[in-house]
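This is input_3.pdb. It holds PDB, C-alpha atoms.
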ATOM      1  CA  MET Y 294      58.538  47.852 116.363
ATOM      2  CA  LYS Y 295      61.972  47.592 114.786
ATOM      3  CA  LYS Y 296      63.796  44.277 115.009
ATOM      4  CA  ILE Y 297      67.246  44.254 116.585
ATOM      5  CA  ALA Y 298      69.439  41.148 116.502
ATOM      6  CA  ILE Y 299      72.422  40.701 118.804
ATOM      7  CA  ILE Y 300      74.901  38.018 117.784
ATOM      8  CA  GLY Y 301      76.771  36.883 120.870
ATOM      9  CA  ALA Y 302      75.007  36.662 124.232
ATOM     10  CA  GLY Y 303      77.987  36.991 126.541
ATOM     11  CA  GLN Y 304      78.356  39.855 128.989
ATOM     12  CA  VAL Y 305      78.437  42.560 126.317
ATOM     13  CA  GLY Y 306      75.636  41.094 124.200
ATOM     14  CA  ALA Y 307      73.280  40.312 127.081
ATOM     15  CA  THR Y 308      73.847  43.682 128.750
ATOM     16  CA  THR Y 309      73.277  45.420 125.409
ATOM     17  CA  ALA Y 310      69.960  43.575 125.070
ATOM     18  CA  HIS Y 311      69.022  44.742 128.563
ATOM     19  CA  ARG Y 312      69.789  48.384 127.772
ATOM     20  CA  ILE Y 313      67.952  48.295 124.428
ATOM     21  CA  ALA Y 314      64.894  46.739 126.079
ATOM     22  CA  GLU Y 315      64.903  49.317 128.885
ATOM     23  CA  LYS Y 316      64.822  52.053 126.255
ATOM     24  CA  GLY Y 317      61.990  50.256 124.414
ATOM     25  CA  LEU Y 318      63.848  50.550 121.119
ATOM     26  CA  GLY Y 319      62.586  47.384 119.464
ATOM     27  CA  ASN Y 320      62.042  43.635 119.545
ATOM     28  CA  ILE Y 321      65.219  41.720 120.318
ATOM     29  CA  VAL Y 322      66.706  38.454 119.104
ATOM     30  CA  LEU Y 323      69.721  37.123 120.990
ATOM     31  CA  ILE Y 324      71.854  34.603 119.075
ATOM     32  CA  ASP Y 325      74.565  32.397 120.531
ATOM     33  CA  VAL Y 326      76.066  28.925 120.054
ATOM     34  CA  VAL Y 327      75.018  27.754 123.535
ATOM     35  CA  GLU Y 328      71.502  26.966 124.779
ATOM     36  CA  SER Y 329      71.871  29.309 127.759
ATOM     37  CA  VAL Y 330      70.992  32.163 125.395
ATOM     38  CA  LYS Y 331      67.354  31.085 125.656
ATOM     39  CA  GLY Y 332      67.459  31.431 129.425
ATOM     40  CA  LYS Y 333      69.005  34.902 129.277
ATOM     41  CA  ALA Y 334      66.366  36.065 126.803
ATOM     42  CA  LEU Y 335      63.539  34.630 128.905
ATOM     43  CA  ASP Y 336      64.931  36.295 132.030
ATOM     44  CA  LEU Y 337      65.030  39.653 130.233
ATOM     45  CA  LEU Y 338      61.474  39.151 128.948
ATOM     46  CA  GLU Y 339      60.142  38.406 132.417
ATOM     47  CA  ALA Y 340      61.518  41.733 133.667
ATOM     48  CA  ALA Y 341      59.475  43.661 131.077
ATOM     49  CA  PRO Y 342      56.349  44.281 133.211
ATOM     50  CA  ILE Y 343      58.488  45.859 135.942
ATOM     51  CA  GLU Y 344      60.689  47.825 133.566
ATOM     52  CA  GLY Y 345      57.653  49.036 131.635
ATOM     53  CA  HIS Y 346      58.382  48.057 128.030
ATOM     54  CA  ASP Y 347      56.639  45.810 125.503
ATOM     55  CA  CYS Y 348      59.652  44.525 123.577
ATOM     56  CA  ARG Y 349      59.539  40.902 122.464
ATOM     57  CA  ILE Y 350      62.768  39.125 123.408
ATOM     58  CA  ILE Y 351      63.805  35.666 122.242
ATOM     59  CA  GLY Y 352      67.028  33.687 122.381
ATOM     60  CA  SER Y 353      68.133  31.146 119.795
ATOM     61  CA  THR Y 354      71.066  29.149 118.478
ATOM     62  CA  ASP Y 355      69.646  29.382 114.940
ATOM     63  CA  TYR Y 356      70.757  32.268 112.731
ATOM     64  CA  LYS Y 357      67.440  32.084 110.873
ATOM     65  CA  GLU Y 358      65.888  34.046 113.742
ATOM     66  CA  ILE Y 359      67.717  37.223 112.657
ATOM     67  CA  ARG Y 360      65.726  37.253 109.408
ATOM     68  CA  ASP Y 361      64.672  40.772 108.333
ATOM     69  CA  SER Y 362      66.377  42.490 111.283
ATOM     70  CA  ASP Y 363      66.679  46.269 110.975
ATOM     71  CA  ILE Y 364      69.863  46.418 113.054
ATOM     72  CA  VAL Y 365      72.348  43.644 113.831
ATOM     73  CA  VAL Y 366      74.898  44.031 116.632
ATOM     74  CA  VAL Y 367      77.913  41.714 116.469
ATOM     75  CA  THR Y 368      79.483  41.029 119.871
ATOM     76  CA  ALA Y 369      80.399  37.371 119.277
ATOM     77  CA  GLY Y 370      83.990  36.446 119.995
ATOM     78  CA  LEU Y 371      86.439  35.773 122.770
ATOM     79  CA  PRO Y 372      87.051  38.480 125.391
ATOM     80  CA  ARG Y 373      90.499  39.666 126.381
ATOM     81  CA  LYS Y 374      92.395  38.191 129.295
ATOM     82  CA  PRO Y 375      95.085  39.933 131.357
ATOM     83  CA  GLY Y 376      98.190  40.608 129.265
ATOM     84  CA  MET Y 377      96.351  40.347 125.941
ATOM     85  CA  THR Y 378      95.981  43.194 123.462
ATOM     86  CA  ARG Y 379      92.933  43.591 121.249
ATOM     87  CA  GLU Y 380      95.146  42.546 118.333
ATOM     88  CA  ASP Y 381      95.897  39.225 120.067
ATOM     89  CA  LEU Y 382      92.264  38.293 119.456
ATOM     90  CA  LEU Y 383      92.562  38.645 115.685
ATOM     91  CA  GLU Y 384      93.046  35.007 114.707
ATOM     92  CA  LYS Y 385      90.620  33.717 117.320
ATOM     93  CA  ASN Y 386      87.778  36.034 116.411
ATOM     94  CA  LYS Y 387      87.979  36.461 112.650
ATOM     95  CA  GLU Y 388      86.368  33.098 111.850
ATOM     96  CA  ILE Y 389      83.567  33.738 114.365
ATOM     97  CA  VAL Y 390      82.854  37.162 112.897
ATOM     98  CA  LYS Y 391      83.081  35.953 109.300
ATOM     99  CA  GLU Y 392      80.435  33.297 109.984
ATOM    100  CA  ALA Y 393      78.219  35.927 111.589
ATOM    101  CA  ALA Y 394      78.668  38.251 108.589
ATOM    102  CA  GLU Y 395      77.761  35.490 106.118
ATOM    103  CA  ASN Y 396      74.519  34.867 108.001
ATOM    104  CA  ILE Y 397      73.745  38.574 108.215
ATOM    105  CA  LYS Y 398      74.122  38.776 104.440
ATOM    106  CA  LYS Y 399      71.830  35.769 104.024
ATOM    107  CA  TYR Y 400      69.061  36.597 106.510
ATOM    108  CA  ALA Y 401      69.227  40.364 107.113
ATOM    109  CA  PRO Y 402      70.493  41.868 103.843
ATOM    110  CA  ASN Y 403      68.933  45.273 104.486
ATOM    111  CA  SER Y 404      70.188  45.690 108.035
ATOM    112  CA  ILE Y 405      72.583  48.192 109.560
ATOM    113  CA  VAL Y 406      75.434  46.371 111.325
ATOM    114  CA  ILE Y 407      77.199  47.593 114.461
ATOM    115  CA  VAL Y 408      80.433  45.703 115.121
ATOM    116  CA  VAL Y 409      81.722  45.373 118.685
ATOM    117  CA  THR Y 410      84.024  42.334 118.513
ATOM    118  CA  ASN Y 411      87.747  43.053 118.924
ATOM    119  CA  PRO Y 412      89.985  44.025 117.243
ATOM    120  CA  LEU Y 413      87.075  46.251 116.340
ATOM    121  CA  ASP Y 414      88.350  48.238 113.346
ATOM    122  CA  VAL Y 415      89.597  45.081 111.640
ATOM    123  CA  MET Y 416      86.425  43.115 112.386
ATOM    124  CA  SER Y 417      84.342  45.965 110.942
ATOM    125  CA  TYR Y 418      86.389  45.736 107.727
ATOM    126  CA  LEU Y 419      85.889  41.951 107.654
ATOM    127  CA  VAL Y 420      82.107  42.335 108.047
ATOM    128  CA  LEU Y 421      81.997  44.926 105.259
ATOM    129  CA  LYS Y 422      83.945  42.758 102.814
ATOM    130  CA  THR Y 423      82.010  39.591 103.712
ATOM    131  CA  THR Y 424      78.537  41.133 103.460
ATOM    132  CA  GLY Y 425      79.233  43.461 100.547
ATOM    133  CA  PHE Y 426      76.964  46.034 102.216
ATOM    134  CA  ASP Y 427      77.074  49.759 101.544
ATOM    135  CA  THR Y 428      79.842  51.268 103.684
ATOM    136  CA  LYS Y 429      77.411  53.484 105.579
ATOM    137  CA  ARG Y 430      75.600  50.377 106.889
ATOM    138  CA  VAL Y 431      78.599  48.755 108.629
ATOM    139  CA  ILE Y 432      79.782  50.712 111.667
ATOM    140  CA  GLY Y 433      82.307  50.003 114.392
ATOM    141  CA  MET Y 434      81.364  50.924 117.953
ATOM    142  CA  ALA Y 435      84.790  52.237 119.104
ATOM    143  CA  GLY Y 436      84.547  56.003 119.334
ATOM    144  CA  ILE Y 437      81.624  56.454 121.708
ATOM    145  CA  LEU Y 438      83.159  53.981 124.171
ATOM    146  CA  ASP Y 439      86.624  55.546 124.059
ATOM    147  CA  SER Y 440      85.132  59.025 124.353
ATOM    148  CA  THR Y 441      82.905  58.183 127.307
ATOM    149  CA  ARG Y 442      85.930  56.815 129.163
ATOM    150  CA  PHE Y 443      87.835  60.032 128.374
ATOM    151  CA  ARG Y 444      84.832  62.060 129.553
ATOM    152  CA  ALA Y 445      84.531  60.118 132.809
ATOM    153  CA  PHE Y 446      88.210  60.528 133.685
ATOM    154  CA  ILE Y 447      88.162  64.269 132.877
ATOM    155  CA  ALA Y 448      85.066  64.799 135.040
ATOM    156  CA  ASP Y 449      86.727  63.010 137.943
ATOM    157  CA  GLU Y 450      89.894  65.097 137.605
ATOM    158  CA  LEU Y 451      87.919  68.352 137.613
ATOM    159  CA  ASP Y 452      85.234  67.183 140.071
ATOM    160  CA  VAL Y 453      82.459  68.315 137.728
ATOM    161  CA  SER Y 454      79.320  66.696 136.341
ATOM    162  CA  LYS Y 455      80.071  64.029 133.769
ATOM    163  CA  ARG Y 456      77.122  65.331 131.750
ATOM    164  CA  ASP Y 457      78.974  68.580 131.055
ATOM    165  CA  VAL Y 458      81.976  66.895 129.411
ATOM    166  CA  ASP Y 459      82.130  66.318 125.641
ATOM    167  CA  ALA Y 460      85.123  64.497 124.190
ATOM    168  CA  MET Y 461      86.521  63.416 120.846
ATOM    169  CA  VAL Y 462      88.685  60.319 120.369
ATOM    170  CA  LEU Y 463      89.876  59.321 116.886
ATOM    171  CA  GLY Y 464      91.921  56.463 115.457
ATOM    172  CA  SER Y 465      91.956  52.793 116.336
ATOM    173  CA  HIS Y 466      90.086  51.185 119.181
ATOM    174  CA  GLY Y 467      93.334  50.206 120.835
ATOM    175  CA  ASP Y 468      96.545  51.472 122.370
ATOM    176  CA  THR Y 469      97.083  53.916 119.484
ATOM    177  CA  MET Y 470      93.736  55.712 119.836
ATOM    178  CA  VAL Y 471      94.046  59.495 119.559
ATOM    179  CA  PRO Y 472      92.131  61.589 122.122
ATOM    180  CA  ILE Y 473      91.943  65.197 120.874
ATOM    181  CA  PRO Y 474      92.144  67.715 123.772
ATOM    182  CA  GLU Y 475      91.362  70.760 121.600
ATOM    183  CA  TYR Y 476      87.999  69.189 120.648
ATOM    184  CA  THR Y 477      87.256  68.098 124.217
ATOM    185  CA  THR Y 478      85.290  70.536 126.370
ATOM    186  CA  VAL Y 479      83.554  71.037 129.706
ATOM    187  CA  ALA Y 480      80.409  73.145 129.243
ATOM    188  CA  GLY Y 481      82.012  74.483 126.065
ATOM    189  CA  ILE Y 482      85.383  75.303 127.684
ATOM    190  CA  PRO Y 483      88.333  73.409 126.128
ATOM    191  CA  ILE Y 484      90.082  71.186 128.665
ATOM    192  CA  THR Y 485      93.345  72.845 127.621
ATOM    193  CA  GLU Y 486      92.053  75.835 129.635
ATOM    194  CA  LEU Y 487      91.173  73.718 132.662
ATOM    195  CA  LEU Y 488      93.914  71.102 133.022
ATOM    196  CA  SER Y 489      97.699  71.244 132.765
ATOM    197  CA  LYS Y 490      99.473  69.593 129.830
ATOM    198  CA  GLU Y 491     100.880  67.004 132.218
ATOM    199  CA  LYS Y 492      97.473  66.137 133.643
ATOM    200  CA  ILE Y 493      95.927  65.917 130.162
ATOM    201  CA  LYS Y 494      98.679  63.476 129.150
ATOM    202  CA  GLU Y 495      97.925  61.363 132.235
ATOM    203  CA  VAL Y 496      94.199  61.260 131.425
ATOM    204  CA  ILE Y 497      94.911  60.390 127.779
ATOM    205  CA  GLU Y 498      97.182  57.546 128.812
ATOM    206  CA  ARG Y 499      94.574  56.179 131.213
ATOM    207  CA  THR Y 500      91.959  56.384 128.455
ATOM    208  CA  ARG Y 501      94.168  54.399 126.090
ATOM    209  CA  ASN Y 502      94.639  51.717 128.741
ATOM    210  CA  ALA Y 503      91.099  51.828 130.147
ATOM    211  CA  GLY Y 504      90.045  48.485 128.675
ATOM    212  CA  ALA Y 505      93.211  46.769 129.867
ATOM    213  CA  GLU Y 506      92.765  48.285 133.329
ATOM    214  CA  ILE Y 507      89.329  46.684 133.616
ATOM    215  CA  VAL Y 508      90.623  43.357 132.283
ATOM    216  CA  SER Y 509      93.363  43.390 134.930
ATOM    217  CA  TYR Y 510      90.723  43.555 137.650
ATOM    218  CA  LEU Y 511      88.182  41.159 136.136
ATOM    219  CA  LYS Y 512      90.833  38.532 135.275
ATOM    220  CA  THR Y 513      88.455  36.317 133.268
ATOM    221  CA  GLY Y 514      86.701  38.822 131.023
ATOM    222  CA  SER Y 515      86.551  42.377 129.733
ATOM    223  CA  ALA Y 516      84.356  45.467 130.080
ATOM    224  CA  TYR Y 517      80.635  45.270 129.335
ATOM    225  CA  TYR Y 518      78.728  48.050 131.128
ATOM    226  CA  ALA Y 519      80.304  50.951 129.196
ATOM    227  CA  PRO Y 520      80.499  49.059 125.860
ATOM    228  CA  SER Y 521      76.824  48.096 126.064
ATOM    229  CA  ALA Y 522      75.852  51.681 126.903
ATOM    230  CA  ALA Y 523      77.780  52.852 123.840
ATOM    231  CA  VAL Y 524      76.027  50.328 121.574
ATOM    232  CA  ALA Y 525      72.602  51.264 122.945
ATOM    233  CA  GLU Y 526      73.302  54.947 122.232
ATOM    234  CA  MET Y 527      74.168  54.091 118.627
ATOM    235  CA  VAL Y 528      71.072  51.900 118.205
ATOM    236  CA  GLU Y 529      68.897  54.676 119.632
ATOM    237  CA  ALA Y 530      70.368  57.244 117.211
ATOM    238  CA  ILE Y 531      69.618  54.961 114.247
ATOM    239  CA  ILE Y 532      66.127  53.912 115.359
ATOM    240  CA  ASN Y 533      65.076  57.485 116.171
ATOM    241  CA  ASP Y 534      66.950  59.069 113.227
ATOM    242  CA  SER Y 535      68.560  61.424 115.744
ATOM    243  CA  ARG Y 536      71.400  62.445 113.400
ATOM    244  CA  ARG Y 537      73.813  62.409 116.321
ATOM    245  CA  LEU Y 538      77.340  63.625 115.707
ATOM    246  CA  VAL Y 539      79.446  60.983 117.433
ATOM    247  CA  PRO Y 540      82.831  59.293 116.984
ATOM    248  CA  ALA Y 541      82.566  55.841 115.417
ATOM    249  CA  SER Y 542      84.689  53.487 113.357
ATOM    250  CA  ALA Y 543      83.851  54.174 109.705
ATOM    251  CA  TYR Y 544      85.160  53.001 106.333
ATOM    252  CA  LEU Y 545      87.391  55.724 104.936
ATOM    253  CA  GLN Y 546      87.727  56.476 101.234
ATOM    254  CA  GLY Y 547      90.160  59.375 101.215
ATOM    255  CA  GLU Y 548      89.052  61.146 104.397
ATOM    256  CA  TYR Y 549      92.000  62.278 106.537
ATOM    257  CA  GLY Y 550      94.236  60.968 103.740
ATOM    258  CA  TYR Y 551      93.398  57.276 104.339
ATOM    259  CA  SER Y 552      91.615  54.733 102.161
ATOM    260  CA  ASP Y 553      90.330  51.174 102.452
ATOM    261  CA  LEU Y 554      90.352  50.903 106.236
ATOM    262  CA  TYR Y 555      88.093  51.407 109.241
ATOM    263  CA  MET Y 556      89.053  53.990 111.832
ATOM    264  CA  GLY Y 557      87.413  56.127 114.482
ATOM    265  CA  VAL Y 558      86.240  59.494 113.106
ATOM    266  CA  PRO Y 559      83.340  61.897 113.791
ATOM    267  CA  VAL Y 560      80.184  60.823 111.941
ATOM    268  CA  LYS Y 561      76.529  61.784 111.680
ATOM    269  CA  LEU Y 562      74.464  58.784 112.781
ATOM    270  CA  GLY Y 563      70.856  58.446 111.625
ATOM    271  CA  LYS Y 564      68.304  56.073 110.125
ATOM    272  CA  ASN Y 565      70.592  55.215 107.184
ATOM    273  CA  GLY Y 566      73.612  54.504 109.377
ATOM    274  CA  ILE Y 567      76.602  56.772 108.754
ATOM    275  CA  GLU Y 568      75.135  59.738 106.898
ATOM    276  CA  LYS Y 569      78.277  61.895 106.883
ATOM    277  CA  ILE Y 570      81.942  61.723 107.896
ATOM    278  CA  TYR Y 571      83.430  64.937 109.287
ATOM    279  CA  GLU Y 572      87.068  65.878 108.732
ATOM    280  CA  LEU Y 573      88.528  67.873 111.608
ATOM    281  CA  LYS Y 574      91.525  70.178 111.393
ATOM    282  CA  LEU Y 575      94.241  68.408 113.353
ATOM    283  CA  SER Y 576      97.531  69.561 114.814
ATOM    284  CA  LYS Y 577     100.725  68.134 113.356
ATOM    285  CA  GLU Y 578     101.140  66.011 116.504
ATOM    286  CA  ALA Y 579      97.610  64.603 116.347
ATOM    287  CA  LYS Y 580      97.927  63.830 112.623
ATOM    288  CA  GLY Y 581     101.185  62.006 113.304
ATOM    289  CA  GLN Y 582      99.495  59.893 115.976
ATOM    290  CA  LEU Y 583      96.624  59.200 113.601
ATOM    291  CA  ASP Y 584      99.076  58.076 110.909
ATOM    292  CA  LYS Y 585     100.584  55.593 113.364
ATOM    293  CA  SER Y 586      97.138  54.326 114.309
ATOM    294  CA  ALA Y 587      96.176  53.905 110.640
ATOM    295  CA  GLY Y 588      99.377  51.982 109.926
ATOM    296  CA  ILE Y 589      98.652  49.442 112.653
ATOM    297  CA  ILE Y 590      95.061  49.000 111.468
ATOM    298  CA  LYS Y 591      96.261  48.469 107.884
ATOM    299  CA  ALA Y 592      98.738  45.804 108.995
ATOM    300  CA  ASN Y 593      96.079  43.978 111.013
ATOM    301  CA  ILE Y 594      93.593  44.129 108.124
ATOM    302  CA  LYS Y 595      96.198  42.565 105.849
ATOM    303  CA  GLU Y 596      96.692  39.765 108.387
ATOM    304  CA  ALA Y 597      92.939  39.206 108.810
ATOM    305  CA  MET Y 598      92.260  38.992 105.083
ATOM    306  CA  LYS Y 599      94.877  36.286 104.389
TER
END
Render the structure in this file as structure tokens.
Amino acid sequence: MKKIAIIGAGQVGATTAHRIAEKGLGNIVLIDVVESVKGKALDLLEAAPIEGHDCRIIGSTDYKEIRDSDIVVVTAGLPRKPGMTREDLLEKNKEIVKEAAENIKKYAPNSIVIVVTNPLDVMSYLVLKTTGFDTKRVIGMAGILDSTRFRAFIADELDVSKRDVDAMVLGSHGDTMVPIPEYTTVAGIPITELLSKEKIKEVIERTRNAGAEIVSYLKTGSAYYAPSAAVAEMVEAIINDSRRLVPASAYLQGEYGYSDLYMGVPVKLGKNGIEKIYELKLSKEAKGQLDKSAGIIKANIKEAMK
């Protein structure tokens, strides 16, 4: 079995471990700074006979346990609170993520890293620069999460099966994300044929604020069911070499006219990580929104790397 390490055993990390175990994708190591991680791992292990998988699951406060992991998921960091943006977490989370990246480099130098900690695009860049890994092996989880929220809201508006909706969201994992209606379909039909411009704008705005909407209800934390589902889908694509075409935060080197930053774009995801980045033809409006998104990411990267 493949070995999958999850750094950070809060709501996102623990729920990700649960989803990965249910799918039987590999043996799991949960890492956290508090001893309770051992209890969470043991609880997950004891559910295995009922859930019907044979994954080994351990919890530890020692980074040595991630040694030789095939995939490492980084969820460690502070969650958002009401009124906070993802960017507000920059100073608080960069030291946590940098320490995680240094230990990944030391103990799991051949791993593929999926970054979940916010601000996600900036933290992905920090992991890349700290580990020195090949760019295809450090991936940010943004796009699948943003797209599944877009898909869910569209399905509700049209009262159709959520399984029939495919969506594409580019740009930052934040308020300047760029949902692309012309590449968003229901059973192959573009949503521009099914919803009015006004309604599409409403759904896009709700998608951009989806994380904040959840935070406003939870008060003391942020989303974890949808984020963990998105991570598990990425892990499954890598483990099974599915070559899924999905949106994810990738390191750009000229694509879309941007360089030296992470941003959400369509990628092919397989056993080697990001195997290809696809460049879509964008409208002038969408490209303008993407430029704005890139500018904010660049500014935050500059701040993080001080």
Subject >> Selected residue of minimal separation from Pro472 of chain Y among Y:Leu545, Y:Ala579, Y:Ala503, Y:Ile589, counting only C-alpha atoms >> reply: Y:Ala579
Subject >> Selection near Ala541 of chain Y, 10 Å with all atoms listed in the file, sequence-local residues under 4 positions removed, as number ranges by chain >> reply: Y: 407, 414, 432-440, 462-466, 527, 555-562, 567, 570
Include C-alpha atoms and write out the residues we just selected as an mmCIF file, in the coordinates of the input.
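Now in again.cif:
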data_model
loop_
_atom_site.group_PDB
_atom_site.id
_atom_site.type_symbol
_atom_site.label_atom_id
_atom_site.label_comp_id
_atom_site.auth_asym_id
_atom_site.auth_seq_id
_atom_site.Cartn_x
_atom_site.Cartn_y
_atom_site.Cartn_z
ATOM 1 C CA ILE Y 407 77.199 47.593 114.461
ATOM 2 C CA ASP Y 414 88.350 48.238 113.346
ATOM 3 C CA ILE Y 432 79.782 50.712 111.667
ATOM 4 C CA GLY Y 433 82.307 50.003 114.392
ATOM 5 C CA MET Y 434 81.364 50.924 117.953
ATOM 6 C CA ALA Y 435 84.790 52.237 119.104
ATOM 7 C CA GLY Y 436 84.547 56.003 119.334
ATOM 8 C CA ILE Y 437 81.624 56.454 121.708
ATOM 9 C CA LEU Y 438 83.159 53.981 124.171
ATOM 10 C CA ASP Y 439 86.624 55.546 124.059
ATOM 11 C CA SER Y 440 85.132 59.025 124.353
ATOM 12 C CA VAL Y 462 88.685 60.319 120.369
ATOM 13 C CA LEU Y 463 89.876 59.321 116.886
ATOM 14 C CA GLY Y 464 91.921 56.463 115.457
ATOM 15 C CA SER Y 465 91.956 52.793 116.336
ATOM 16 C CA HIS Y 466 90.086 51.185 119.181
ATOM 17 C CA MET Y 527 74.168 54.091 118.627
ATOM 18 C CA TYR Y 555 88.093 51.407 109.241
ATOM 19 C CA MET Y 556 89.053 53.990 111.832
ATOM 20 C CA GLY Y 557 87.413 56.127 114.482
ATOM 21 C CA VAL Y 558 86.240 59.494 113.106
ATOM 22 C CA PRO Y 559 83.340 61.897 113.791
ATOM 23 C CA VAL Y 560 80.184 60.823 111.941
ATOM 24 C CA LYS Y 561 76.529 61.784 111.680
ATOM 25 C CA LEU Y 562 74.464 58.784 112.781
ATOM 26 C CA ILE Y 567 76.602 56.772 108.754
ATOM 27 C CA ILE Y 570 81.942 61.723 107.896
#
Subject >> Residues returned when the PyMOL selection byres ((chain Y and resi 551) around 12) runs on this file, as number ranges by chain >> reply: Y: 464, 543-550, 552-558, 572, 580, 583-588, 590-591
**OP:** Name the residues that the PyMOL selection byres ((chain Y and resi 390-392) around 9) pulls out of this structure, and write them as a ChimeraX atom specification.
**Re:** /Y:367-370,386-389,393-397,410,416,419-420,423
**OP:** Just the residues within 8 Å of segment 298-309 of chain Y, please, counting all atoms listed in the file, with nothing from its chain fewer than 2 positions along; format it as a PyMOL selection string.
**Re:** chain Y and resi 296+311-313+321-325+330+333+359+362+364-370+393+516-518+520-522+524-525
Store the residues picked out above in a file with C-alpha atoms, as a compact mmCIF listing (two decimals), in the frame of the given file.
# COMPACT_ATOMS: atom_id res chain seq x y z
CA LYS Y 296 63.80 44.28 115.01
CA HIS Y 311 69.02 44.74 128.56
CA ARG Y 312 69.79 48.38 127.77
CA ILE Y 313 67.95 48.30 124.43
CA ILE Y 321 65.22 41.72 120.32
CA VAL Y 322 66.71 38.45 119.10
CA LEU Y 323 69.72 37.12 120.99
CA ILE Y 324 71.85 34.60 119.08
CA ASP Y 325 74.56 32.40 120.53
CA VAL Y 330 70.99 32.16 125.40
CA LYS Y 333 69.00 34.90 129.28
CA ILE Y 359 67.72 37.22 112.66
CA SER Y 362 66.38 42.49 111.28
CA ILE Y 364 69.86 46.42 113.05
CA VAL Y 365 72.35 43.64 113.83
CA VAL Y 366 74.90 44.03 116.63
CA VAL Y 367 77.91 41.71 116.47
CA THR Y 368 79.48 41.03 119.87
CA ALA Y 369 80.40 37.37 119.28
CA GLY Y 370 83.99 36.45 120.00
CA ALA Y 393 78.22 35.93 111.59
CA ALA Y 516 84.36 45.47 130.08
CA TYR Y 517 80.64 45.27 129.34
CA TYR Y 518 78.73 48.05 131.13
CA PRO Y 520 80.50 49.06 125.86
CA SER Y 521 76.82 48.10 126.06
CA ALA Y 522 75.85 51.68 126.90
CA VAL Y 524 76.03 50.33 121.57
CA ALA Y 525 72.60 51.26 122.94
Original post:
Taking (93.1, 44.1, 113.8) in the file's coordinates as the center, which residues reach within 6 Å of it, counting all atoms listed in the file, put as number ranges by chain?
Top reply: Y: 380, 383, 412, 415, 590, 593-594
**OP:** Report the residues retrieved by the PyMOL selection byres ((chain Y and resi 457) around 9) from the displayed file, expressed as a list in words.
**Re:**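 Evaluating the PyMOL selection byres ((chain Y and resi 457) around 9) on this file yields Arg444, Ala448, Val453, Ser454, Lys455, Arg456, Val458, Asp459, Thr478, Val479, Ala480 and Gly481 of chain Y.
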**OP:** Determine the nearest neighbour of Gly317 of chain Y from the options Y:Ala340, Y:Met470, Y:Met294, Y:Ala334, counting all atoms listed in the file.
**Re:**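 Between Y:Ala340, Y:Met470, Y:Met294, Y:Ala334, the residue approaching Gly317 of chain Y most closely is Y:Met294.
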Original post:
Which distance in Å separates atom CA of Thr354 of chain Y and atom CA of Leu371 of chain Y, to one decimal?
Top reply: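 Atom CA of Leu371 of chain Y lies 17.3 Å from atom CA of Thr354 of chain Y.
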Original post:
What is the distance between atom CA of Lys429 of chain Y and atom CA of Gly566 of chain Y, in Å to one decimal?
Top reply: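 That distance, rounded to one decimal, is 5.5 Å.
Take the candidates Y:Ala401, Y:Asn320, Y:Lys385, Y:Lys374 and check each one against Leu511 of chain Y using only C-alpha atoms; the shortest distance goes to Y:Lys374.
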Original post:
For the atom pair atom CA of Gly467 of chain Y and atom CA of Lys577 of chain Y, what is the interatomic distance in Å to one decimal place?
Top reply: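 Computing the Euclidean distance for atom CA of Gly467 of chain Y and atom CA of Lys577 of chain Y yields 20.8 Å.
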Subject >> Residue among Y:Val539, Y:Met461, Y:Ile447, Y:Val508 lying closest to Lys494 of chain Y, counting all atoms listed in the file >> reply: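 Ranking Y:Val539, Y:Met461, Y:Ile447, Y:Val508 by distance to Lys494 of chain Y, first place goes to Y:Ile447.
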Original post:
In terms of the shortest atom-to-atom distance over only C-alpha atoms, which of Y:Ala314, Y:Ile473, Y:Met598, Y:Leu338 is closest to Leu421 of chain Y?
Top reply: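 Selected residue with least distance to Leu421 of chain Y: Y:Met598.
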From the structure block, carefully write segment 521-539 of chain Y out with C-alpha atoms; format it as a compact mmCIF listing (two decimals), in the first residue's frame.
# COMPACT_ATOMS: atom_id res chain seq x y z
CA SER Y 521 -11.47 17.02 2.66
CA ALA Y 522 -13.52 15.58 -0.21
CA ALA Y 523 -11.48 17.67 -2.64
CA VAL Y 524 -8.18 16.46 -1.16
CA ALA Y 525 -9.31 12.83 -1.25
CA GLU Y 526 -10.22 13.19 -4.94
CA MET Y 527 -6.74 14.52 -5.68
CA VAL Y 528 -5.05 11.74 -3.67
CA GLU Y 529 -7.14 9.14 -5.49
CA ALA Y 530 -6.17 10.56 -8.91
CA ILE Y 531 -2.47 10.38 -7.99
CA ILE Y 532 -2.57 6.93 -6.38
CA ASN Y 533 -4.57 5.41 -9.24
CA ASP Y 534 -2.80 7.40 -11.99
CA SER Y 535 -6.24 8.46 -13.21
CA ARG Y 536 -4.92 11.40 -15.26
CA ARG Y 537 -7.90 13.48 -14.18
CA LEU Y 538 -8.32 16.90 -15.74
CA VAL Y 539 -9.13 19.09 -12.76
